file my_file-v5.tsv (TSV, C-alpha atoms)
chain	number	residue	atom	x	y	z
A	28	MET	CA	17.89	-11.19	-108.07
A	29	ARG	CA	14.61	-11.01	-109.95
A	30	GLU	CA	11.58	-9.96	-107.93
A	31	ASN	CA	8.08	-8.55	-108.28
A	32	LYS	CA	7.11	-5.03	-107.20
A	33	ILE	CA	4.18	-2.67	-107.65
A	34	LEU	CA	4.66	0.88	-108.91
A	35	LEU	CA	2.00	3.35	-107.81
A	36	THR	CA	2.07	6.66	-109.67
A	37	ASP	CA	-0.18	9.67	-109.30
A	38	CYS	CA	0.41	13.10	-110.80
A	39	PRO	CA	-1.29	16.01	-112.60
A	40	ASP	CA	-2.71	14.72	-115.86
A	41	ASP	CA	-0.64	15.34	-118.99
A	42	LYS	CA	-0.22	13.94	-122.48
A	43	GLY	CA	1.77	10.74	-122.91
A	44	LEU	CA	2.02	9.74	-119.25
A	45	ILE	CA	1.41	6.05	-119.85
A	46	SER	CA	4.03	6.01	-122.60
A	47	LYS	CA	6.58	7.84	-120.43
A	48	ILE	CA	6.12	5.48	-117.48
A	49	THR	CA	6.17	2.28	-119.51
A	50	ASN	CA	9.21	3.41	-121.54
A	51	ILE	CA	11.13	4.12	-118.33
A	52	CYS	CA	10.21	0.65	-117.06
A	53	TYR	CA	11.44	-0.81	-120.38
A	54	LYS	CA	14.67	1.19	-120.09
A	55	HIS	CA	15.23	-0.47	-116.71
A	56	GLN	CA	14.57	-3.88	-118.33
A	57	LEU	CA	11.47	-4.44	-116.21
A	58	ASN	CA	8.61	-6.59	-117.45
A	59	ILE	CA	5.09	-5.18	-117.03
A	60	ILE	CA	2.84	-7.98	-115.79
A	61	HIS	CA	-0.32	-5.90	-115.36
A	62	ASN	CA	-1.28	-2.25	-115.64
A	63	ASN	CA	-4.32	-0.13	-114.69
A	64	GLU	CA	-4.79	3.60	-115.01
A	65	PHE	CA	-7.46	6.20	-114.30
A	66	VAL	CA	-7.85	9.93	-114.93
A	67	ASP	CA	-10.07	12.03	-112.69
A	68	PHE	CA	-11.19	14.58	-115.25
A	69	GLU	CA	-12.72	16.84	-112.61
A	70	THR	CA	-9.43	17.30	-110.74
A	71	LYS	CA	-7.27	16.57	-113.82
A	72	HIS	CA	-5.26	14.01	-111.89
A	73	PHE	CA	-3.76	10.76	-113.20
A	74	PHE	CA	-3.40	7.46	-111.33
A	75	MET	CA	-1.58	4.31	-112.46
A	76	ARG	CA	-0.84	0.96	-110.83
A	77	THR	CA	1.82	-1.15	-112.55
A	78	GLU	CA	2.88	-4.67	-111.58
A	79	LEU	CA	6.53	-5.16	-112.52
A	80	GLU	CA	8.98	-8.04	-112.60
A	81	GLY	CA	12.76	-7.89	-112.96
A	82	ILE	CA	15.94	-6.73	-111.26
A	83	PHE	CA	15.29	-3.42	-109.53
A	84	ASN	CA	17.41	-0.40	-108.75
A	85	ASP	CA	14.72	1.44	-106.80
A	86	GLU	CA	16.57	4.72	-106.37
A	87	THR	CA	17.46	5.12	-110.06
A	88	LEU	CA	14.01	4.06	-111.28
A	89	LEU	CA	12.21	6.50	-109.00
A	90	ALA	CA	14.64	9.29	-109.92
A	91	ASP	CA	14.01	8.71	-113.64
A	92	LEU	CA	10.25	8.78	-113.10
A	93	THR	CA	10.38	11.95	-111.01
A	94	PHE	CA	12.55	13.69	-113.62
A	95	SER	CA	10.30	12.71	-116.55
A	96	LEU	CA	6.85	13.26	-115.03
A	97	PRO	CA	5.08	16.53	-114.10
A	98	ALA	CA	5.82	18.49	-110.94
A	99	GLY	CA	3.81	17.13	-108.05
A	100	THR	CA	4.24	13.49	-109.05
A	101	ASN	CA	4.09	10.84	-106.34
A	102	CYS	CA	5.71	7.46	-107.05
A	103	GLN	CA	5.88	4.48	-104.70
A	104	LEU	CA	7.65	1.22	-105.44
A	105	ILE	CA	6.24	-1.48	-103.17
A	106	SER	CA	7.40	-5.03	-102.60
A	107	THR	CA	4.82	-7.77	-103.13
A	108	LYS	CA	5.99	-9.54	-99.98
A	109	ARG	CA	3.34	-10.74	-97.57
A	110	LYS	CA	2.14	-7.87	-95.41
A	111	ARG	CA	1.71	-7.70	-91.64
A	112	ILE	CA	-1.27	-6.37	-89.72
A	113	VAL	CA	-2.17	-5.72	-86.11
A	114	ILE	CA	-5.87	-5.94	-85.25
A	115	LEU	CA	-7.56	-3.86	-82.54
A	116	VAL	CA	-10.74	-5.24	-80.94
A	117	THR	CA	-13.17	-4.62	-78.12
A	118	LYS	CA	-15.78	-7.35	-77.49
A	119	GLU	CA	-17.53	-8.22	-80.78
A	120	ALA	CA	-16.14	-11.30	-82.51
A	121	HIS	CA	-17.68	-11.41	-85.99
A	122	CYS	CA	-15.23	-9.17	-87.90
A	123	LEU	CA	-12.19	-10.53	-86.09
A	124	GLY	CA	-13.39	-14.12	-86.54
A	125	ASP	CA	-13.90	-13.63	-90.26
A	126	ILE	CA	-10.35	-12.31	-90.71
A	127	LEU	CA	-8.89	-15.12	-88.60
A	128	MET	CA	-10.75	-17.82	-90.55
A	129	LYS	CA	-10.01	-16.40	-94.00
A	130	ASN	CA	-6.37	-16.06	-93.10
A	131	TYR	CA	-6.35	-19.65	-91.74
A	132	TYR	CA	-7.65	-21.19	-94.98
A	133	GLY	CA	-5.87	-18.83	-97.37
A	134	GLY	CA	-8.70	-16.48	-98.27
A	135	LEU	CA	-6.52	-13.58	-97.12
A	136	ASP	CA	-2.78	-13.49	-97.74
A	137	VAL	CA	-1.59	-11.70	-94.62
A	138	GLU	CA	0.46	-12.20	-91.48
A	139	ILE	CA	-1.59	-11.34	-88.41
A	140	ALA	CA	1.21	-10.25	-86.12
A	141	ALA	CA	-0.96	-9.64	-83.05
A	142	VAL	CA	-4.41	-8.72	-81.77
A	143	ILE	CA	-4.80	-6.03	-79.12
A	144	GLY	CA	-7.99	-5.54	-77.10
A	145	ASN	CA	-9.11	-3.02	-74.54
A	146	HIS	CA	-11.05	-5.96	-73.02
A	147	ASP	CA	-9.94	-9.59	-72.67
A	148	THR	CA	-13.19	-10.98	-74.09
A	149	LEU	CA	-11.67	-12.24	-77.36
A	150	ARG	CA	-8.37	-13.57	-75.98
A	151	ASN	CA	-9.38	-17.26	-76.13
A	152	LEU	CA	-10.57	-16.95	-79.73
A	153	VAL	CA	-7.32	-15.33	-80.86
A	154	GLU	CA	-5.05	-17.74	-79.00
A	155	ARG	CA	-6.78	-20.72	-80.66
A	156	PHE	CA	-5.14	-19.51	-83.87
A	157	ASP	CA	-1.70	-19.26	-82.17
A	158	ILE	CA	-1.68	-15.48	-82.54
A	159	PRO	CA	-0.46	-13.22	-79.69
A	160	PHE	CA	-3.20	-11.34	-77.84
A	161	HIS	CA	-2.41	-8.28	-75.73
A	162	GLY	CA	-4.91	-6.79	-73.34
A	163	ILE	CA	-4.43	-3.05	-72.80
A	164	SER	CA	-7.25	-1.80	-70.63
A	165	HIS	CA	-8.44	1.78	-70.94
A	166	GLU	CA	-9.71	1.81	-67.37
A	167	GLY	CA	-8.26	4.65	-65.31
A	168	LEU	CA	-6.40	6.15	-68.28
A	169	THR	CA	-7.02	9.19	-70.39
A	170	ARG	CA	-7.57	8.62	-74.11
A	171	VAL	CA	-4.11	9.99	-74.84
A	172	GLU	CA	-2.45	7.75	-72.26
A	173	HIS	CA	-4.24	4.66	-73.51
A	174	ASP	CA	-3.50	5.39	-77.17
A	175	LYS	CA	0.17	5.90	-76.33
A	176	LEU	CA	0.31	2.41	-74.81
A	177	LEU	CA	-1.45	1.03	-77.88
A	178	ALA	CA	1.02	2.68	-80.24
A	179	GLU	CA	4.01	1.42	-78.29
A	180	LYS	CA	2.73	-2.17	-78.49
A	181	ILE	CA	1.76	-1.84	-82.17
A	182	ASP	CA	5.19	-0.49	-83.11
A	183	GLN	CA	6.87	-3.58	-81.63
A	184	TYR	CA	5.32	-5.51	-84.54
A	185	ALA	CA	6.00	-2.93	-87.30
A	186	PRO	CA	2.75	-3.65	-89.17
A	187	ASP	CA	1.91	-2.42	-92.66
A	188	TYR	CA	-1.70	-1.81	-91.59
A	189	ILE	CA	-3.76	-1.60	-88.41
A	190	VAL	CA	-7.29	-3.00	-88.60
A	191	LEU	CA	-10.07	-1.82	-86.28
A	192	ALA	CA	-12.29	-4.91	-86.15
A	193	LYS	CA	-15.16	-3.34	-84.22
A	194	TYR	CA	-12.78	-1.46	-81.96
A	195	MET	CA	-15.24	0.77	-80.14
A	196	ARG	CA	-13.05	3.69	-79.15
A	197	VAL	CA	-12.22	6.95	-80.91
A	198	LEU	CA	-8.47	7.31	-81.42
A	199	ASN	CA	-6.80	10.62	-80.63
A	200	PRO	CA	-5.17	12.86	-83.29
A	201	GLU	CA	-1.59	11.96	-82.28
A	202	PHE	CA	-2.32	8.28	-82.87
A	203	VAL	CA	-3.99	8.97	-86.22
A	204	ALA	CA	-1.05	11.12	-87.39
A	205	ARG	CA	1.36	8.34	-86.49
A	206	TYR	CA	-0.20	5.95	-89.06
A	207	PRO	CA	-1.49	8.04	-92.01
A	208	ASN	CA	-3.77	6.02	-94.33
A	209	ARG	CA	-2.75	2.83	-92.55
A	210	VAL	CA	-5.63	2.37	-90.08
A	211	ILE	CA	-8.69	0.65	-91.58
A	212	ASN	CA	-11.98	0.90	-89.70
A	213	ILE	CA	-15.35	-0.79	-90.20
A	214	HIS	CA	-18.35	1.41	-89.51
A	215	HIS	CA	-21.73	-0.25	-89.17
A	216	SER	CA	-23.68	2.02	-91.52
A	217	PHE	CA	-23.61	3.17	-95.12
A	218	LEU	CA	-21.65	6.40	-94.59
A	219	PRO	CA	-22.21	9.32	-94.71
A	220	ALA	CA	-25.53	8.27	-93.16
A	221	PHE	CA	-25.75	7.62	-89.42
A	222	ILE	CA	-22.32	8.73	-88.26
A	223	GLY	CA	-21.23	7.94	-84.71
A	224	ALA	CA	-22.72	5.62	-82.11
A	225	ARG	CA	-25.78	3.34	-82.42
A	226	PRO	CA	-26.24	3.67	-86.20
A	227	TYR	CA	-28.68	0.75	-86.37
A	228	HIS	CA	-30.92	2.46	-83.85
A	229	GLN	CA	-30.65	5.67	-85.86
A	230	ALA	CA	-31.58	3.69	-89.00
A	231	TYR	CA	-34.53	2.03	-87.26
A	232	GLU	CA	-35.88	5.36	-86.07
A	233	ARG	CA	-35.75	6.68	-89.66
A	234	GLY	CA	-37.46	3.59	-91.06
A	235	VAL	CA	-34.74	2.89	-93.61
A	236	LYS	CA	-35.17	0.20	-96.28
A	237	ILE	CA	-31.46	-0.60	-96.62
A	238	ILE	CA	-28.69	-0.94	-94.09
A	239	GLY	CA	-25.03	-1.24	-94.84
A	240	ALA	CA	-21.42	-1.05	-93.72
A	241	THR	CA	-18.45	1.10	-94.69
A	242	ALA	CA	-14.73	0.34	-94.47
A	243	HIS	CA	-12.57	3.45	-94.46
A	244	PHE	CA	-9.22	4.85	-93.43
A	245	ILE	CA	-9.54	6.85	-90.24
A	246	ASN	CA	-8.78	10.54	-89.94
A	247	ASN	CA	-9.47	13.12	-87.26
A	248	GLU	CA	-13.11	13.57	-88.28
A	249	LEU	CA	-15.37	10.91	-86.79
A	250	ASP	CA	-16.30	8.33	-89.47
A	251	GLN	CA	-15.31	10.70	-92.28
A	252	GLY	CA	-12.04	9.21	-93.54
A	253	PRO	CA	-11.52	8.08	-97.15
A	254	ILE	CA	-13.99	5.30	-98.01
A	255	ILE	CA	-12.51	2.04	-99.32
A	256	MET	CA	-15.48	-0.33	-99.61
A	257	GLN	CA	-19.25	-0.31	-98.94
A	258	ASN	CA	-22.19	-2.68	-99.27
A	259	VAL	CA	-25.88	-2.83	-98.30
A	260	ILE	CA	-28.70	-5.29	-97.72
A	261	ASN	CA	-32.47	-4.77	-97.83
A	262	VAL	CA	-34.59	-4.51	-94.68
A	263	ASP	CA	-38.20	-3.55	-94.05
A	264	HIS	CA	-40.63	-2.39	-91.36
A	265	THR	CA	-40.61	-5.80	-89.66
A	266	TYR	CA	-36.98	-5.38	-88.54
A	267	SER	CA	-36.34	-4.13	-85.04
A	268	ALA	CA	-33.13	-2.24	-84.31
A	269	ASP	CA	-31.64	-5.46	-82.86
A	270	ALA	CA	-32.68	-7.46	-85.94
A	271	MET	CA	-31.02	-4.85	-88.14
A	272	MET	CA	-27.89	-5.15	-86.06
A	273	ARG	CA	-27.82	-8.95	-86.40
A	274	ALA	CA	-28.37	-8.76	-90.16
A	275	GLY	CA	-25.75	-6.05	-90.50
A	276	ARG	CA	-22.97	-8.12	-88.96
A	277	ASP	CA	-22.62	-10.24	-92.10
A	278	VAL	CA	-22.26	-7.10	-94.20
A	279	GLU	CA	-19.72	-5.60	-91.80
A	280	LYS	CA	-17.36	-8.59	-91.82
A	281	THR	CA	-17.53	-8.98	-95.61
A	282	VAL	CA	-16.90	-5.30	-96.30
A	283	LEU	CA	-13.96	-5.18	-93.88
A	284	THR	CA	-12.17	-8.22	-95.32
A	285	LYS	CA	-12.69	-7.01	-98.89
A	286	ALA	CA	-11.27	-3.59	-98.00
A	287	LEU	CA	-8.32	-5.20	-96.23
A	288	ASP	CA	-7.65	-7.40	-99.27
A	289	LEU	CA	-7.52	-4.30	-101.50
A	290	ALA	CA	-5.00	-2.69	-99.14
A	291	LEU	CA	-2.89	-5.86	-99.02
A	292	GLN	CA	-2.72	-5.85	-102.83
A	293	ASP	CA	-1.70	-2.14	-102.91
A	294	ARG	CA	-4.72	-1.20	-105.00
A	295	ILE	CA	-5.73	1.93	-103.08
A	296	PHE	CA	-4.77	5.53	-103.86
A	297	VAL	CA	-5.88	8.20	-101.37
A	298	TYR	CA	-6.47	11.61	-102.93
A	299	LYS	CA	-8.43	14.56	-101.48
A	300	ASN	CA	-10.12	12.39	-98.83
A	301	LYS	CA	-11.30	9.95	-101.50
A	302	THR	CA	-9.92	6.63	-102.68
A	303	ILE	CA	-9.16	5.45	-106.19
A	304	ILE	CA	-9.16	1.64	-106.45
A	305	LEU	CA	-7.08	0.17	-109.30

call {"tool": "encode", "arguments": {"input": "my_file-v5.tsv", "output": "structure tokens"}}
result
Amino acid sequence: MRENKILLTDCPDDKGLISKITNICYKHQLNIIHNNEFVDFETKHFFMRTELEGIFNDETLLADLTFSLPAGTNCQLISTKRKRIVILVTKEAHCLGDILMKNYYGGLDVEIAAVIGNHDTLRNLVERFDIPFHGISHEGLTRVEHDKLLAEKIDQYAPDYIVLAKYMRVLNPEFVARYPNRVINIHHSFLPAFIGARPYHQAYERGVKIIGATAHFINNELDQGPIIMQNVINVDHTYSADAMMRAGRDVEKTVLTKALDLALQDRIFVYKNKTIIL
């Protein structure tokens, strides 16, 4: 049966890599629909994203690529099927609401399998879209205990990605290790500036002239995971910290949905705590 898949390749740079990869695809009678490549000349590393169509023998194709390309090559062959996400929330509705609405009218092509909150504040909003909402309170639990309950519920839905839509808790290292480069967070500042809590108040105290938002994969360093998408807006001395916060919400929701869309299209390579977007 003919189908569409995406081949993600990254490896040490070498001569003729594009030719080698495309010739192997031709050998397997696969049609190349679209292709993008990038070389990081500082690290001498090659990245290529190839949209393919045809009849696939995944094991043989990947074996041929591994044999023909340099040592240290990473190849992934990914189905273009609609992906599933689970969203984690606390009390703020703007990022969650933007994802729900864009998914409802087709602006995002994703299955929202469930929303999980450590408060019940957003339950009614989620259930209006006929999406399951699970409340898992953190009260009386250690961080490890709470995150274990979260992971157990998340795994019931087997999502491709987990989205932190203003989820205001730091996740423990065991949780992070369970989902490498699969948890997308929105941070309400233009990282690396104003890491941690109350970034708008930090920005106000410094008298900044721009504020922004950053979507990134989480790691075990607070707000220091690989950055996927950022944007900023202008502010001035007339903005209070609360006014900055209100203005920043529009940036946050836009940045998060754009980053999620890139992930859903398999356009993100993670390399040395940075992302390459193709």

call {"tool": "atom_distance", "arguments": {"input": "my_file-v5.tsv", "atom1": "atom CA of Lys108 of chain A", "atom2": "atom CA of Ala185 of chain A"}}
result
14.3 Å

call {"tool": "atom_distance", "arguments": {"input": "my_file-v5.tsv", "atom1": "atom CA of Leu149 of chain A", "atom2": "atom CA of Arg196 of chain A"}}
result
16.1 Å

call {"tool": "atom_distance", "arguments": {"input": "my_file-v5.tsv", "atom1": "atom CA of His121 of chain A", "atom2": "atom CA of Glu279 of chain A"}}
result
8.5 Å

call {"tool": "residues_around", "arguments": {"input": "my_file-v5.tsv", "residues": "segment 245-259 of chain A", "least_positions_apart": "5", "cutoff": "7 Å", "atoms": "only C-alpha atoms", "output": "PDB file with C-alpha atoms, in the frame of the given file"}}
result
ATOM      1  CA  PRO A 200      -5.170  12.860 -83.290  1.00  0.00           C
ATOM      2  CA  VAL A 203      -3.990   8.970 -86.220  1.00  0.00           C
ATOM      3  CA  VAL A 210      -5.630   2.370 -90.080  1.00  0.00           C
ATOM      4  CA  ILE A 211      -8.690   0.650 -91.580  1.00  0.00           C
ATOM      5  CA  ASN A 212     -11.980   0.900 -89.700  1.00  0.00           C
ATOM      6  CA  PHE A 217     -23.610   3.170 -95.120  1.00  0.00           C
ATOM      7  CA  ILE A 222     -22.320   8.730 -88.260  1.00  0.00           C
ATOM      8  CA  GLY A 223     -21.230   7.940 -84.710  1.00  0.00           C
ATOM      9  CA  ILE A 237     -31.460  -0.600 -96.620  1.00  0.00           C
ATOM     10  CA  ILE A 238     -28.690  -0.940 -94.090  1.00  0.00           C
ATOM     11  CA  GLY A 239     -25.030  -1.240 -94.840  1.00  0.00           C
ATOM     12  CA  ALA A 240     -21.420  -1.050 -93.720  1.00  0.00           C
ATOM     13  CA  VAL A 278     -22.260  -7.100 -94.200  1.00  0.00           C
ATOM     14  CA  VAL A 282     -16.900  -5.300 -96.300  1.00  0.00           C
ATOM     15  CA  ALA A 286     -11.270  -3.590 -98.000  1.00  0.00           C
ATOM     16  CA  ASN A 300     -10.120  12.390 -98.830  1.00  0.00           C
ATOM     17  CA  LYS A 301     -11.300   9.950-101.500  1.00  0.00           C
ATOM     18  CA  THR A 302      -9.920   6.630-102.680  1.00  0.00           C
TER      19      THR A 302
END

call {"tool": "residues_around", "arguments": {"input": "my_file-v5.tsv", "residues": "Thr100 of chain A", "least_positions_apart": "2", "cutoff": "9 Å", "atoms": "only C-alpha atoms", "output": "ChimeraX atom specification"}}
result
/A:36-39,92-93,96-98,102

call {"tool": "residues_around", "arguments": {"input": "my_file-v5.tsv", "residues": "segment 59-73 of chain A", "least_positions_apart": "6", "cutoff": "10 Å", "atoms": "only C-alpha atoms", "output": "PDB file with C-alpha atoms, in the frame of the given file"}}
result
ATOM      1  CA  ASN A  31       8.080  -8.550-108.280  1.00  0.00           C
ATOM      2  CA  ILE A  33       4.180  -2.670-107.650  1.00  0.00           C
ATOM      3  CA  LEU A  34       4.660   0.880-108.910  1.00  0.00           C
ATOM      4  CA  LEU A  35       2.000   3.350-107.810  1.00  0.00           C
ATOM      5  CA  THR A  36       2.070   6.660-109.670  1.00  0.00           C
ATOM      6  CA  ASP A  37      -0.180   9.670-109.300  1.00  0.00           C
ATOM      7  CA  CYS A  38       0.410  13.100-110.800  1.00  0.00           C
ATOM      8  CA  PRO A  39      -1.290  16.010-112.600  1.00  0.00           C
ATOM      9  CA  ASP A  40      -2.710  14.720-115.860  1.00  0.00           C
ATOM     10  CA  ASP A  41      -0.640  15.340-118.990  1.00  0.00           C
ATOM     11  CA  LEU A  44       2.020   9.740-119.250  1.00  0.00           C
ATOM     12  CA  ILE A  45       1.410   6.050-119.850  1.00  0.00           C
ATOM     13  CA  THR A  49       6.170   2.280-119.510  1.00  0.00           C
ATOM     14  CA  CYS A  52      10.210   0.650-117.060  1.00  0.00           C
ATOM     15  CA  TYR A  53      11.440  -0.810-120.380  1.00  0.00           C
ATOM     16  CA  LEU A  79       6.530  -5.160-112.520  1.00  0.00           C
ATOM     17  CA  GLU A  80       8.980  -8.040-112.600  1.00  0.00           C
ATOM     18  CA  GLY A  81      12.760  -7.890-112.960  1.00  0.00           C
ATOM     19  CA  THR A 100       4.240  13.490-109.050  1.00  0.00           C
ATOM     20  CA  ARG A 294      -4.720  -1.200-105.000  1.00  0.00           C
ATOM     21  CA  TYR A 298      -6.470  11.610-102.930  1.00  0.00           C
ATOM     22  CA  LYS A 299      -8.430  14.560-101.480  1.00  0.00           C
ATOM     23  CA  ILE A 303      -9.160   5.450-106.190  1.00  0.00           C
ATOM     24  CA  ILE A 304      -9.160   1.640-106.450  1.00  0.00           C
ATOM     25  CA  LEU A 305      -7.080   0.170-109.300  1.00  0.00           C
TER      26      LEU A 305
END

call {"tool": "residues_around", "arguments": {"input": "my_file-v5.tsv", "residues": "Asn130 of chain A", "least_positions_apart": "5", "cutoff": "12 Å", "atoms": "all atoms listed in the file", "output": "ChimeraX atom specification"}}
result
/A:109,111-112,123-125,135-140,156,158,284,287-288
